[in-house]
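One structure is given below, encoded as structure tokens.
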Amino acid sequence: MSTSAITPVPFGRRIKRFMADRPLVPLIILLVILVVILQILRPGIVNERWIANTIKFAIPLAILAGCQTMTMLTGGIDLSVGTVATMSAFIMATQIVSQDPAIAFLLAMMPAVLIGLVNGIGVGVFRVHPLIMTLGTSLIGTGCLQVYQRTVIASGAKIPGFLAWLGTGVTSGFPNALLLFVPLAALIVFTLARTGFGRLLYAVGDNERATRLSGVQYWQVITALYVTSSLLAGITGLLYIGLIKAPSLSLAEPLVLPSVAAAVIGGTSIFGGRGGYTGTIIGALILTVLTTLLTILQMPEGARRILFGLIVLFVTAAYLRIVEER
Amino acid sequence: SAAAGKYTIGISNTVQGNGWREEMVCAMKAQALASGEVAKLNIAHRNTDAAGQLEDIRNLISAKVDAIVVNPADPAGIKAGLEEATKAGIVVVAVDQAVTEPSAYIISNNQEEYAYLGAKWLFQQMGGKGEVFYMRGAAGASADSDRDKGFKKALAEFPDVKVAQEVFTGWQQDQAKQQILSFLSTGTPINGIWTSGIDNVIVDALVESQAPLVPIVGADNAGFVGQLSSVKGLVGAAVTNPGSIGGAGVTLALQILDGKKPAQQTVLVQPQLWENATDEGKAKLKAAADPSLSPEWPVSISIPDWTTYTKDQIVACKGPGE
Amino acid sequence: MSHFLRRQGWVIGLLALLIVLFIATRIIQPGYGSGDFGSLARAVLPYAFAVAAQTVVVIAGGIDLSVAAMMALTSVTAASMMAGASEEYALLVVPFVLAMGLVLGALNGLLIVVTRVPDIVVTLAMLFVLQGAALLVLDAPGGAAAEWLKALISGTVPIPGLPDAIDAWLPKALLVLVVCLCVIWVPLRRSRLGLSIYAIGSSELAAFRSGVPVKRTRIIAYALSGLFAAFGGLALTMSTGIGAPIPGPYLLASVAAVVLGGVALGGGKGGLLGPIVAVFVLRLVRTDLTLLAIDPNVTAIIEGAIMVAVVMFGAFITMRGRQ
Amino acid sequence: MTTSPLLDATGVAKNYGAVAALRNASLSVLPGEVHALMGANGAGKSTLVKILTGAISANAGRILIRGEARDIRSPAAARRAGLLPVYQEPSLIPDLDVLSNLRLTGTPVEPFRAWVRELGIADLDLRDTARDIPLAVLRVLDLARALAVEPDVLLLDEMTAALPANLAEKVLEVVRRQGDAGRAVIFISHRFVEISALCDRATVLRDGETVGVVDIVPGVEEKIVELMLGTRIVKTHVAARSAAEKAAPAPARPRLAVHNLRVGTKLNDVSFDLRDGEVAGVVALEGQGQDELFAALAGSIRPSGGTIDVDGSPVKFSHPIDAIRAGIAYVPGDRSEALAMQRSVRENIALPFSAALRNWGPINMRKERATVLSAIERLQIDTRAQGEVQRLSGGNQQKVTIARWIAADARTILCFDPTRGIDVGTKQEIYKLLRELAGHGKSVLFYTSELEEVQRVCDRVIVIFGGRLVDIFPVEEADEPALMRAAYGLPRGAKADIGILAAPTASDAPSSDALGTKP
Ligand SMILES: Nc1ncnc2c1ncn2[C@@H]1O[C@H](COP(=O)(O)OP(=O)(O)OP(=O)(O)O)[C@@H](O)[C@H]1O
Ligand SMILES: Nc1ncnc2c1ncn2[C@@H]1O[C@H](COP(=O)(O)OP(=O)(O)OP(=O)(O)O)[C@@H](O)[C@H]1O
Ligand SMILES: [Mg+2]
Ligand SMILES: [Mg+2]
């Protein structure tokens, strides 16, 4: 011990250790670097409007990535979030035509609760692998939505004004969606760090047998988790429909893989037991900025996708290097 | 009603959950019902590729249908399956896109013309010069590359028009919206926008970010057509790309089954352009607008001479026996 | 015997299910015959290779999200190389494309081993990379396939001495599948390398301590996966005669079939037969749904429900067995 | 013996980040010797074995094999150099059958079979999947697999810790013969009996450093302990049960009453009582049903018959939570079964607090910290690496598993072999703790695989054999030979020679120091 204390630690190592203890720092640095590159490529792009736009698009991704963060903590994954978000959005947009907003909201959240419940019971009670379970329910959900869609073609769809306000509105430079997101994010962070439920998510993902011996009922935790995840996805759907303003049957589907990527980039382990939501939020921002960056680059679509893949890989690898240095 | 018909018609489609394709399938069902000649529809409708469509076509052959109406995943990729169907005595009609199988009948929207017509109008609106934002469909899809040909053809006629930026929307609303918003924030001036049918979100984006409303060309989706009449200061045009082509395909298949073969193998439905720059155009848009439809559905829910169903029938989306 | 039953019970159950489905198909469509079976075999082909690709890495304790993109890339490469070329040239194209799959698969494995990023993330990134590469090769569906390649999977195998009625039930596509998989899998499975693949999937630490070169084995497993995916890409080109740069629905289908086939997603367990039978089951279900003219929107519900139900049932049996 | 060493390691060091697991370890082993490697928990024994066999790489050090410098980079390289380990955890691939496991390592099958028989396992089916084989047998298979390739140096890391006495004996015999055959064995164990029965010399590690090499001669134990513990030499004796305590009248209702408990075919008609303020020992050979007994009492498995009464009222447990609600906590023998390894010490100790649905809400951090800290202090857990439990040494991990239930204030604790693989100092602390708990009116059921512990901790001893309760001893009569005989199912009072560890001469009560007795 004492010998290591005397020899001065090299500066490089000190920086690495500093970053390893604060895993958010390298992520934020990376985000800043991306923004700087963007600004160099297109001088003037980084303005108030751009920042508001980026945040607007990052928020739905960040909430869905929150679903992934929580499920990944238990060693799972929730691939049904895209379908759930789409269902809520579509049902909201079609029911609002004839129903009271509150009723439409309840109707929109119903499939979310249902799918979350089925996911939770499948994973928690029947021990189906989460990947398969959520994939299956998302197929079922999509099918149901298509059947439902045919019954409402005649009545049409409408985007409720308050959702459009929430999704697209900007108040003195700040997107209105922050009104929803900030409390939501604070709640998730608090839940993970300071509540019994959060503790159990980590513990269950780390060692399920140990939690069982401590009296934890796995199925309760898992069911609550997947219902929570689905509810968050449902809320995301409502926010997203306000942002996109076009109900379609594949609305939120394209967000699913990026939501997994955002959680992973943010430092949550896909094997469970390790990670947190603040990293995920930065991860979502990084992905959104990256998408803009790649759109701005004038290169063939193929090259753009290659670059996207390589950057995601590089970022995750570099991040792991830094954090594992302990 | 089932007793009235005598034919079983198979349908194969490989994109699910997209408003245009849903309308196409509903048109097929409605037309089959309205014709009174169809006893049963056998629909294979899912997201898959050419190989998957081959599987569906072969399953339809196994089901011994009388005719197959197919929206091909690829013009060449399903040749083998269509050939087998013809050999089995099944009438094959391709809708929306051409196929390379010579025995198949084709009734199709002219995708190259679709892009050419809209782009040409747009470039004229731009005064023959300036920068255009070119928002394509899905990279690697054959309809997208056909449209690209038409767009490039128009571009060649206007040497002073430049493409400011080319993006692939993947025919997805959210991607398109994020792309246009990112682009707008760069402050790069543009004089026009051409979109491959993802249109209403683009108008939304311009309005929301208070960017100048440049001329926009999109498709005849209900949402966009409505915007062309209602959004103040918006100059634009909707090029028709009727999803009801599916109904026309069913009609063609029934005609052939009844022994009334058309003169040519290929029937092209030419697109129309409805713009809101002239009073004549505005009138057309007014007539076509249909706020009751889902914004993703094309408003041209019928094709004169080819479809006989009513609006209620296509909206009900019920086939024979349902 | 009991060992055999315990280990193969799931596969036997699946086979029984397949037979039941065949009988059901015959009832739904009394005319369902050998030609239709040939269609089924051809439909199974790309799925089967995708599933084989997935199975190898899942047994090795990983997962490969780039399977479908790898198929797309190899398919467009083959199709664009063969377009306008002579028939003989295709003889060079096939080994080239297979080698390409092998190398790119090995690259997957190498990246996982070197970067220590979780496999699911590496292969997700590779999904984008390979998709992009496919778009660079062909930006729209196109290309061509040599006639002999297309003929390789159409029709049946005439076996001298057997009556045609039996020959007819032996489609070439099935033969191609069996030969390609067996030539690689059967010798592998019993070899030290094969055991090593199971070993690293079962317990990486124990495998390392048993002297298994864990990293090398992992790379080889991914290389094999790439090879099978390249077979799948070729199968796509063979059946459609073109290459399409947008990946088909093979990724999710492969994961689903792997699990239905009794291969644990944790690794170390199962074999190739189960997932292949599962592919046949899933394809035959699709056939039956088409034959029955079920509402297409309902078919999505049914396919999802079958997947969930079978896996839940399997989980239920295992739970009962443990008690 | 002036021959040159077979294996000679010097200056071996290994750092895990800031913590030095090994600093300056050396080890020299001669041909034909059985060499003990000793040290307290956390001294770095396992780490050294792993380095010598290529499972991990050292940061510094030199390893000579037969005088030649070798760089052993992998287990495969160690094999080629003639070094074969049996690690502390089973190393068979869980999902492969035994035969495939042999093929994987290139182990010849016939010699393996012969060794398995030699080691006392008669009915092994090579087609069995490793996962389905009991832990003790797996350990033996690991040893047989190593022996089958006739290694020059055999490294056994706590080989006997999880073995029942009968298998342990066979292992000791076989190891002894290895030495006689001119090979070398490195033998790690915390049991002095085994060391003195078996080893020629011992190397002692303390805090990652070799602090001495001693010849094993009678009476050397004191010296070894001194070396192992350094300045923190402790000779705490378990507080003798006070006369008052003993005389306390038995309460009308026992805390826990078990009647005719049955679990499948493993446990039959077991009945006994556990009173408040009592430590009841359970003694059994491996696999006699004790696992099932504890699991049933802990609510982990459902009994197939019989009743359990808590405080006089019958209970049915369908999940551990039911047992916990009834105040019964279970400390499993396998630490990895009880700990969330990536989480902090604090979260691990506080885990039961969040278990119930109504406790899923916000946590009162201040209250939690106070409770956890007092438990940590009570057990004297070394919390330098408290960020992640996996970075604690084995002994400290074990303390965390117990601390959890101290913090939760469980009334009854079921301890399954809590001292397995723990150094003498820590063992003492655990004995003391269990007695203290009893002193505060808690009740403890204590299974141990080391018979000498019974005398130190228990008030009564329950002996199980073949799934049946064969005897209940008051502690005064529970000397090792008597227990051993009972554990083998022999009636009380019968004299039978049952191996080197239970020579009838040892029938006098063992001395109460920390070291146990020599046979
Ligand atoms: N991964 C790690 N990170 C940090 N410290 C570690 C790590 N592994 C071990 N250590 C520390 O190194 C020391 C030596 O560990 P090691 O497990 O080799 O000792 P040991 O003699 O086997 O002890 P025990 O008998 O308690 O298991 C311990 O104090 C332990 O906390
Ligand atoms: N690959 C590894 N990376 C990091 N830490 C490791 C690794 N392997 C082992 N360790 C650490 O080294 C230590 C070894 O502890 P182990 O459980 O082997 O104790 P032990 O040697 O069995 O102690 P004893 O034999 O005295 O009970 C643990 O703290 C473990 O976390
Ligand atoms: Mg050790
Ligand atoms: Mg240790």
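Naming scheme: A, B, ... for chains in displayed order of the structure tokens; residues 1 onward per chain; ligands 1 onward as shown.
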Check: which chain D residues lie within 12 Å of chain C using only C-alpha atoms, as a PyMOL selection string: chain D and resi 50-51+53-56+73-80+84-107+125-132+142+145-146+263-264+300-304
Helix (DSSP H, G or I) per DSSP on the backbone: members of range 113-295 of chain A, as number ranges by chain: A: 113-124, 130-152, 161-168, 177-194, 196-206, 208-213, 218-244, 253-265, 277-295
Distance-based interface of chain C with chain A, 7 Å, counting only C-alpha atoms, as a list in words: Thr115, Val117, Val122, Ala125, Met126, Phe128, Val129, Gly132, Ala133, Leu135, Leu136, Ala256, Asn297, Val298, Ala300, Ile301, Gly304, Ala305, Met307, Val308, Val311, Met312, Ala315 and Phe316 of chain C
Go ahead and write the selection's residues with N, CA and C atoms as a compact mmCIF listing (two decimals), in the first residue's frame.
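Saved file part16.txt follows:
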```txt
# COMPACT_ATOMS: atom_id res chain seq x y z
N THR C 115 -12.31 -5.46 -28.59
CA THR C 115 -12.86 -4.27 -27.94
C THR C 115 -13.51 -4.59 -26.60
N VAL C 117 -16.43 -5.07 -26.11
CA VAL C 117 -17.79 -4.53 -26.12
C VAL C 117 -18.73 -5.73 -26.20
N VAL C 122 -21.69 -4.97 -30.58
CA VAL C 122 -20.78 -5.06 -31.73
C VAL C 122 -21.55 -5.48 -32.98
N ALA C 125 -23.73 -2.74 -34.29
CA ALA C 125 -22.96 -1.77 -35.08
C ALA C 125 -22.62 -2.37 -36.44
N MET C 126 -22.27 -3.65 -36.44
CA MET C 126 -21.92 -4.29 -37.72
C MET C 126 -23.14 -4.39 -38.63
N PHE C 128 -25.29 -2.08 -39.11
CA PHE C 128 -25.30 -0.86 -39.90
C PHE C 128 -24.17 -0.86 -40.93
N VAL C 129 -23.00 -1.31 -40.49
CA VAL C 129 -21.85 -1.30 -41.40
C VAL C 129 -22.12 -2.19 -42.62
N GLY C 132 -24.72 -0.74 -44.89
CA GLY C 132 -24.13 0.33 -45.68
C GLY C 132 -23.31 -0.23 -46.81
N ALA C 133 -22.51 -1.25 -46.51
CA ALA C 133 -21.67 -1.85 -47.54
C ALA C 133 -22.54 -2.43 -48.65
N LEU C 135 -25.40 -1.39 -49.60
CA LEU C 135 -25.92 -0.28 -50.40
C LEU C 135 -24.85 0.28 -51.32
N LEU C 136 -23.59 0.20 -50.89
CA LEU C 136 -22.52 0.66 -51.77
C LEU C 136 -22.33 -0.29 -52.94
N ALA C 256 -35.97 -16.11 -33.16
CA ALA C 256 -37.17 -16.85 -32.74
C ALA C 256 -36.99 -18.34 -32.95
N ASN C 297 -54.00 -9.46 -41.26
CA ASN C 297 -53.62 -8.75 -40.05
C ASN C 297 -53.66 -9.68 -38.85
N VAL C 298 -54.54 -10.67 -38.94
CA VAL C 298 -54.63 -11.61 -37.84
C VAL C 298 -53.43 -12.56 -37.87
N ALA C 300 -50.37 -11.91 -38.22
CA ALA C 300 -49.29 -11.39 -37.37
C ALA C 300 -49.56 -11.74 -35.92
N ILE C 301 -50.83 -11.62 -35.53
CA ILE C 301 -51.18 -11.95 -34.15
C ILE C 301 -50.91 -13.43 -33.90
N GLY C 304 -47.12 -14.29 -33.70
CA GLY C 304 -46.58 -13.85 -32.41
C GLY C 304 -47.05 -14.73 -31.28
N ALA C 305 -48.34 -15.07 -31.30
CA ALA C 305 -48.90 -15.87 -30.22
C ALA C 305 -48.28 -17.26 -30.21
N MET C 307 -45.32 -18.13 -31.21
CA MET C 307 -43.96 -18.03 -30.70
C MET C 307 -43.98 -17.95 -29.17
N VAL C 308 -44.80 -17.04 -28.67
CA VAL C 308 -44.84 -16.85 -27.22
C VAL C 308 -45.37 -18.11 -26.53
N VAL C 311 -42.81 -21.08 -26.50
CA VAL C 311 -41.71 -20.86 -25.58
C VAL C 311 -42.20 -20.91 -24.13
N MET C 312 -43.38 -20.35 -23.88
CA MET C 312 -43.94 -20.44 -22.53
C MET C 312 -44.18 -21.88 -22.14
N ALA C 315 -40.96 -23.44 -21.28
CA ALA C 315 -40.52 -22.99 -19.96
C ALA C 315 -41.32 -23.69 -18.88
N PHE C 316 -42.60 -23.87 -19.15
CA PHE C 316 -43.49 -24.52 -18.19
C PHE C 316 -43.04 -25.96 -17.94
```
Exercise: range 94-100 of chain B partners within 6 Å, only C-alpha atoms, chain neighbours under 4 positions left out, as a list in words: Val69, Val70, Asn71, Pro75, Ala76, Ile106, Ile107, Ser108, Asn109 and Gly249 of chain B
Selected residues written out, C-alpha atoms, as a PDB file, in the first residue's frame:
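Contents of the output file again_31.pdb:
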```pdb
ATOM      1  CA  VAL B  69     -52.636  -9.799 -57.830  1.00  0.00           C
ATOM      2  CA  VAL B  70     -49.213  -8.882 -56.619  1.00  0.00           C
ATOM      3  CA  ASN B  71     -47.428  -5.710 -55.624  1.00  0.00           C
ATOM      4  CA  PRO B  75     -39.549  -6.494 -60.548  1.00  0.00           C
ATOM      5  CA  ALA B  76     -37.072  -9.289 -61.282  1.00  0.00           C
ATOM      6  CA  ILE B 106     -49.135  -5.177 -65.320  1.00  0.00           C
ATOM      7  CA  ILE B 107     -51.248  -2.285 -64.167  1.00  0.00           C
ATOM      8  CA  SER B 108     -49.029   0.227 -62.593  1.00  0.00           C
ATOM      9  CA  ASN B 109     -48.477   3.741 -61.468  1.00  0.00           C
ATOM     10  CA  GLY B 249     -55.513  -4.771 -60.459  1.00  0.00           C
TER      11      GLY B 249
END
```
Site check for ligand 4: residues at most 10 Å away, only C-alpha atoms and all ligand atoms, as a list in words: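 Checking only C-alpha atoms and all ligand atoms against ligand 4 at 10 Å gives Ala21, Gly39, Ala40, Asn41, Gly42, Ala43, Gly44, Lys45, Ser46, Thr47, Gln88, Arg391, Leu392, Ser393, Gly394, Gly395, Asn396, Gln397, Gly421 and Ile422 of chain D.
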Neighbour list for range 227-235 of chain C as a ChimeraX atom specification, cut-off 7 Å, only C-alpha atoms, skip fewer than 6 positions in-chain: /C:45-46,49-50,52-53,67,70-72,74-75,78,97-98,101-102
Go ahead and save the residues from that selection, with N, CA and C atoms, as a CSV table (one decimal), in the first residue's frame.
```
chain,number,residue,atom,x,y,z
C,45,LEU,N,-35.1,-22.5,-47.1
C,45,LEU,CA,-33.7,-22.4,-47.4
C,45,LEU,C,-33.0,-21.1,-46.7
C,46,PRO,N,-33.4,-19.9,-47.1
C,46,PRO,CA,-32.7,-18.8,-46.5
C,46,PRO,C,-32.9,-18.7,-45.0
C,49,PHE,N,-30.5,-21.2,-43.2
C,49,PHE,CA,-29.1,-20.8,-43.1
C,49,PHE,C,-29.0,-19.6,-42.1
C,50,ALA,N,-30.0,-18.7,-42.1
C,50,ALA,CA,-29.9,-17.6,-41.1
C,50,ALA,C,-29.9,-18.2,-39.7
C,52,ALA,N,-29.1,-21.2,-38.8
C,52,ALA,CA,-27.8,-21.9,-38.5
C,52,ALA,C,-26.8,-20.9,-38.1
C,53,ALA,N,-26.7,-19.8,-38.8
C,53,ALA,CA,-25.7,-18.8,-38.5
C,53,ALA,C,-26.0,-18.3,-37.0
C,67,VAL,N,-26.8,-10.9,-38.8
C,67,VAL,CA,-27.1,-12.0,-39.7
C,67,VAL,C,-27.8,-11.6,-41.0
C,70,MET,N,-25.7,-9.4,-43.1
C,70,MET,CA,-24.6,-10.1,-43.7
C,70,MET,C,-25.2,-10.9,-45.0
C,71,MET,N,-26.4,-11.4,-44.8
C,71,MET,CA,-27.0,-12.1,-46.0
C,71,MET,C,-27.3,-11.1,-47.1
C,72,ALA,N,-27.7,-9.9,-46.8
C,72,ALA,CA,-28.0,-8.9,-47.8
C,72,ALA,C,-26.7,-8.6,-48.5
C,74,THR,N,-23.8,-10.3,-48.8
C,74,THR,CA,-23.3,-11.4,-49.6
C,74,THR,C,-24.2,-11.6,-50.8
C,75,SER,N,-25.5,-11.4,-50.6
C,75,SER,CA,-26.4,-11.6,-51.8
C,75,SER,C,-26.1,-10.6,-52.9
C,78,ALA,N,-22.8,-11.3,-54.6
C,78,ALA,CA,-22.9,-12.4,-55.6
C,78,ALA,C,-23.6,-11.9,-56.8
C,97,VAL,N,-17.7,-15.5,-52.3
C,97,VAL,CA,-18.7,-14.9,-51.4
C,97,VAL,C,-18.7,-15.7,-50.1
C,98,LEU,N,-18.5,-17.0,-50.2
C,98,LEU,CA,-18.5,-17.7,-48.9
C,98,LEU,C,-17.3,-17.3,-48.1
C,101,GLY,N,-18.1,-14.1,-46.4
C,101,GLY,CA,-18.9,-14.3,-45.2
C,101,GLY,C,-18.0,-14.7,-44.0
C,102,LEU,N,-17.1,-15.7,-44.3
C,102,LEU,CA,-16.3,-16.2,-43.3
C,102,LEU,C,-15.4,-15.1,-42.7
```
DSSP strand (DSSP E) residues within range 71-260 of chain D, listed as a ChimeraX atom specification: /D:83-86,153-157,184-188,201-206,209-215,256-260
Exercise answer, chain B residues close to chain C, 10 Å and only C-alpha atoms, as a ChimeraX atom specification: /B:10,16-17,40-65,73-81,138-146,319,322
Contact residues (chain D, partner chain A, 9 Å, only C-alpha atoms) as a ChimeraX atom specification: /D:16-20,298-300,319-325,329-332,336-343,347-348,351-357,359-365,404
Restricting the output to N, CA and C atoms, write the selected residues as a short mmCIF file (atom, residue, chain, number, x, y, z; two decimals), in the first residue's frame.
```cif
data_model
loop_
_atom_site.label_atom_id
_atom_site.label_comp_id
_atom_site.auth_asym_id
_atom_site.auth_seq_id
_atom_site.Cartn_x
_atom_site.Cartn_y
_atom_site.Cartn_z
N TYR D 16 -4.74 -5.70 -8.45
CA TYR D 16 -6.06 -5.42 -9.03
C TYR D 16 -6.29 -3.94 -8.81
N GLY D 17 -5.98 -3.15 -9.79
CA GLY D 17 -6.10 -1.71 -9.61
C GLY D 17 -5.22 -1.27 -8.46
N ALA D 18 -5.82 -0.66 -7.46
CA ALA D 18 -5.04 -0.12 -6.36
C ALA D 18 -4.66 -1.19 -5.34
N VAL D 19 -5.44 -2.27 -5.30
CA VAL D 19 -5.21 -3.29 -4.27
C VAL D 19 -4.18 -4.29 -4.75
N ALA D 20 -3.21 -4.60 -3.89
CA ALA D 20 -2.23 -5.63 -4.25
C ALA D 20 -2.70 -6.95 -3.67
N ALA D 298 -35.99 -22.96 4.96
CA ALA D 298 -35.81 -21.59 4.47
C ALA D 298 -36.89 -21.20 3.47
N GLY D 299 -37.77 -22.13 3.13
CA GLY D 299 -38.83 -21.81 2.17
C GLY D 299 -38.37 -21.89 0.73
N SER D 300 -37.17 -22.42 0.49
CA SER D 300 -36.68 -22.50 -0.88
C SER D 300 -37.33 -23.64 -1.66
N HIS D 319 -42.20 -19.70 -0.42
CA HIS D 319 -41.16 -18.82 -0.97
C HIS D 319 -40.33 -18.38 0.24
N PRO D 320 -39.04 -18.10 0.05
CA PRO D 320 -38.23 -17.66 1.20
C PRO D 320 -38.85 -16.50 1.95
N ILE D 321 -39.63 -15.66 1.25
CA ILE D 321 -40.22 -14.51 1.95
C ILE D 321 -41.10 -14.97 3.11
N ASP D 322 -41.78 -16.12 2.94
CA ASP D 322 -42.64 -16.62 4.01
C ASP D 322 -41.82 -16.96 5.25
N ALA D 323 -40.67 -17.61 5.00
CA ALA D 323 -39.80 -17.96 6.11
C ALA D 323 -39.26 -16.69 6.77
N ILE D 324 -38.88 -15.72 5.94
CA ILE D 324 -38.31 -14.48 6.48
C ILE D 324 -39.35 -13.75 7.33
N ARG D 325 -40.59 -13.77 6.85
CA ARG D 325 -41.66 -13.13 7.63
C ARG D 325 -41.81 -13.82 8.98
N ALA D 329 -34.03 -16.80 8.78
CA ALA D 329 -33.15 -16.38 7.71
C ALA D 329 -32.19 -17.51 7.36
N TYR D 330 -31.77 -17.54 6.11
CA TYR D 330 -30.93 -18.63 5.63
C TYR D 330 -29.63 -18.07 5.07
N VAL D 331 -28.52 -18.58 5.56
CA VAL D 331 -27.21 -18.19 5.03
C VAL D 331 -26.65 -19.40 4.29
N PRO D 332 -26.66 -19.36 2.95
CA PRO D 332 -26.25 -20.55 2.21
C PRO D 332 -24.74 -20.76 2.30
N SER D 336 -21.57 -17.20 -3.46
CA SER D 336 -22.03 -16.62 -4.72
C SER D 336 -23.54 -16.79 -4.88
N GLU D 337 -24.12 -17.62 -4.01
CA GLU D 337 -25.56 -17.81 -4.08
C GLU D 337 -26.28 -16.70 -3.32
N ALA D 338 -25.56 -16.01 -2.47
CA ALA D 338 -26.23 -15.08 -1.58
C ALA D 338 -25.92 -13.62 -1.86
N LEU D 339 -24.92 -13.36 -2.69
CA LEU D 339 -24.48 -11.98 -2.84
C LEU D 339 -24.69 -11.46 -4.25
N ALA D 340 -25.07 -10.19 -4.35
CA ALA D 340 -25.07 -9.51 -5.64
C ALA D 340 -23.67 -8.92 -5.79
N MET D 341 -22.84 -9.63 -6.55
CA MET D 341 -21.40 -9.37 -6.51
C MET D 341 -20.99 -7.99 -6.99
N GLN D 342 -21.78 -7.40 -7.90
CA GLN D 342 -21.38 -6.10 -8.43
C GLN D 342 -21.90 -4.94 -7.59
N ARG D 343 -22.70 -5.25 -6.59
CA ARG D 343 -23.26 -4.18 -5.78
C ARG D 343 -22.43 -3.95 -4.52
N GLU D 347 -25.56 -2.15 -0.04
CA GLU D 347 -26.77 -2.63 -0.71
C GLU D 347 -27.00 -4.10 -0.44
N ASN D 348 -25.93 -4.87 -0.35
CA ASN D 348 -26.09 -6.28 -0.08
C ASN D 348 -26.67 -6.51 1.31
N LEU D 351 -30.34 -5.54 1.44
CA LEU D 351 -31.24 -6.16 0.46
C LEU D 351 -32.58 -6.62 1.02
N PRO D 352 -32.61 -7.33 2.16
CA PRO D 352 -33.92 -7.80 2.63
C PRO D 352 -34.89 -6.67 2.96
N PHE D 353 -34.36 -5.48 3.26
CA PHE D 353 -35.27 -4.38 3.62
C PHE D 353 -36.21 -4.02 2.47
N SER D 354 -35.72 -4.16 1.23
CA SER D 354 -36.53 -3.74 0.09
C SER D 354 -37.40 -4.85 -0.47
N ALA D 355 -37.27 -6.04 0.08
CA ALA D 355 -37.90 -7.19 -0.56
C ALA D 355 -39.41 -7.08 -0.69
N ALA D 356 -40.06 -6.69 0.38
CA ALA D 356 -41.52 -6.71 0.37
C ALA D 356 -42.06 -5.55 -0.46
N LEU D 357 -43.19 -5.84 -1.08
CA LEU D 357 -43.81 -4.87 -2.00
C LEU D 357 -43.98 -3.50 -1.35
N ASN D 359 -42.18 -2.05 0.67
CA ASN D 359 -40.93 -1.32 0.90
C ASN D 359 -40.26 -0.90 -0.40
N TRP D 360 -41.02 -0.89 -1.47
CA TRP D 360 -40.41 -0.54 -2.76
C TRP D 360 -40.25 0.97 -2.94
N GLY D 361 -40.81 1.71 -2.03
CA GLY D 361 -40.78 3.16 -2.18
C GLY D 361 -39.44 3.75 -1.77
N PRO D 362 -39.40 5.06 -1.55
CA PRO D 362 -38.15 5.72 -1.19
C PRO D 362 -37.52 5.12 0.05
N ILE D 363 -36.21 5.07 0.05
CA ILE D 363 -35.48 4.48 1.17
C ILE D 363 -35.06 5.59 2.12
N ASN D 364 -35.20 5.32 3.40
CA ASN D 364 -34.68 6.26 4.39
C ASN D 364 -33.19 6.01 4.52
N MET D 365 -32.39 6.81 3.79
CA MET D 365 -30.97 6.53 3.68
C MET D 365 -30.27 6.62 5.03
N ARG D 404 -26.20 -9.32 6.84
CA ARG D 404 -27.52 -9.00 6.32
C ARG D 404 -28.61 -9.36 7.32
#
```
Shell of 10 Å around range 153-169 of chain B, only C-alpha atoms, local chain residues under 3 positions omitted, as an NGL selection string: (:A and (295-301)) or (:B and (112-113 or 115-124 or 126-140 or 144 or 147-150 or 172-180 or 183 or 188-198))
Point-to-point distance from CA of Asp204 in chain B to CA of Ala104 in chain A, Å rounded to tenths: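 Separation of CA of Asp204 in chain B and CA of Ala104 in chain A: 23.7 Å.
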Contact residues (chain A, partner chain B, 8 Å, only C-alpha atoms) as an NGL selection string: :A and (42-47 or 49-50 or 53-54 or 57 or 146 or 150-151 or 153-157 or 168-169 or 244-251 or 292 or 295-296 or 298 or 301)
Selection: 12 Å around range 304-306 of chain B, only C-alpha atoms, excl. self and same-chain fewer than 4 positions, as a PyMOL selection string: chain B and resi 27-28+31-32+34-35+107+242+244-255+267-269+300+310
